[in-house]
Amino acid sequence: MAEPPAADGQRCAPKRRREREAAGRRTNRFLVSYNDAELAIVNEAAARDNQALASWVSATALNVAKEKVVPVSVDARDVLAELIQSRSQASRIGNNVNQIAKALNSDGTVTGDQLAATLDAILKAMQRLDEATRQVMRERRPRS
């Protein structure tokens with residue numbers, strides 16, 4: 001059903017939009033400009049996240065401004081993902097070693113020193129992974 005014209009003959013905004021605007025939601029707009037290559041990149045990112053372009057630009061800008069996400073290059077993101085995966089794997093290895101140690105200690109075939117040395121090696125590896133992850137995060141592009 002069409003909106004009735006306003007007193008001045010102009011059409012009114014649809015009721016839902018008026019209600020949203022009255023509630024203080026996204027009534028401010030501005031122009032964002034991209035060259036063709038930049039627009040292709042932004043369009044691809046929006047499509048990857050299954051969002052409309054304007055919605056993706058808005059949400060991404062807000063997340064960065066609120067520091068919910070930190071922009072990183074694709075290379076840094078891949079390295080960071082690998083470090084996180086490696087740390088998770090190292091943690092699983094530590095759990096497996098604990099299970100093995102429990103089984104072997106029930107037979108008395110593993111000494112406490114052997115177990116301590118193994119666990120210490122795993123702990124050091126995990127600390128190195130943690131430090132490498134922190135280093136990648138420190139080297140991210142600073143905010144301007």
# chains A, B, ... in the order shown; residues from 1 in each chain; ligands from 1
>>> closest_atom_pairs(of="stretch 35-89 of chain A", to="stretch 109-133 of chain A", cutoff="12 Å", atoms="only C-alpha atoms", output="Markdown table")
| residue | atom | partner | partner_atom | distance |
| --- | --- | --- | --- | --- |
| A:Ala76 | CA | A:Thr133 | CA | 10.3 |
| A:Arg77 | CA | A:Thr133 | CA | 10.8 |
| A:Asp78 | CA | A:Thr133 | CA | 11.6 |
| A:Val79 | CA | A:Thr133 | CA | 8.6 |
| A:Leu80 | CA | A:Thr133 | CA | 6.3 |
| A:Ala81 | CA | A:Thr133 | CA | 9.2 |
| A:Glu82 | CA | A:Thr133 | CA | 9.4 |
| A:Leu83 | CA | A:Thr133 | CA | 6.2 |
| A:Ile84 | CA | A:Thr133 | CA | 7.4 |
| A:Gln85 | CA | A:Leu129 | CA | 9.9 |
| A:Ser86 | CA | A:Leu129 | CA | 7.4 |
| A:Arg87 | CA | A:Leu129 | CA | 6.0 |
| A:Ser88 | CA | A:Met126 | CA | 9.1 |
| A:Gln89 | CA | A:Met126 | CA | 9.6 |
>>> select_by_dssp(residues="stretch 42-111 of chain A", states="helix (DSSP H, G or I)", output="MDAnalysis selection string")
chainID A and resid 42:48 53:65 74:107
>>> residues_around(residues="stretch 41-58 of chain A", least_positions_apart="2", cutoff="12 Å", atoms="only C-alpha atoms", output="ChimeraX atom specification")
/A:26,28-39,60-65,74
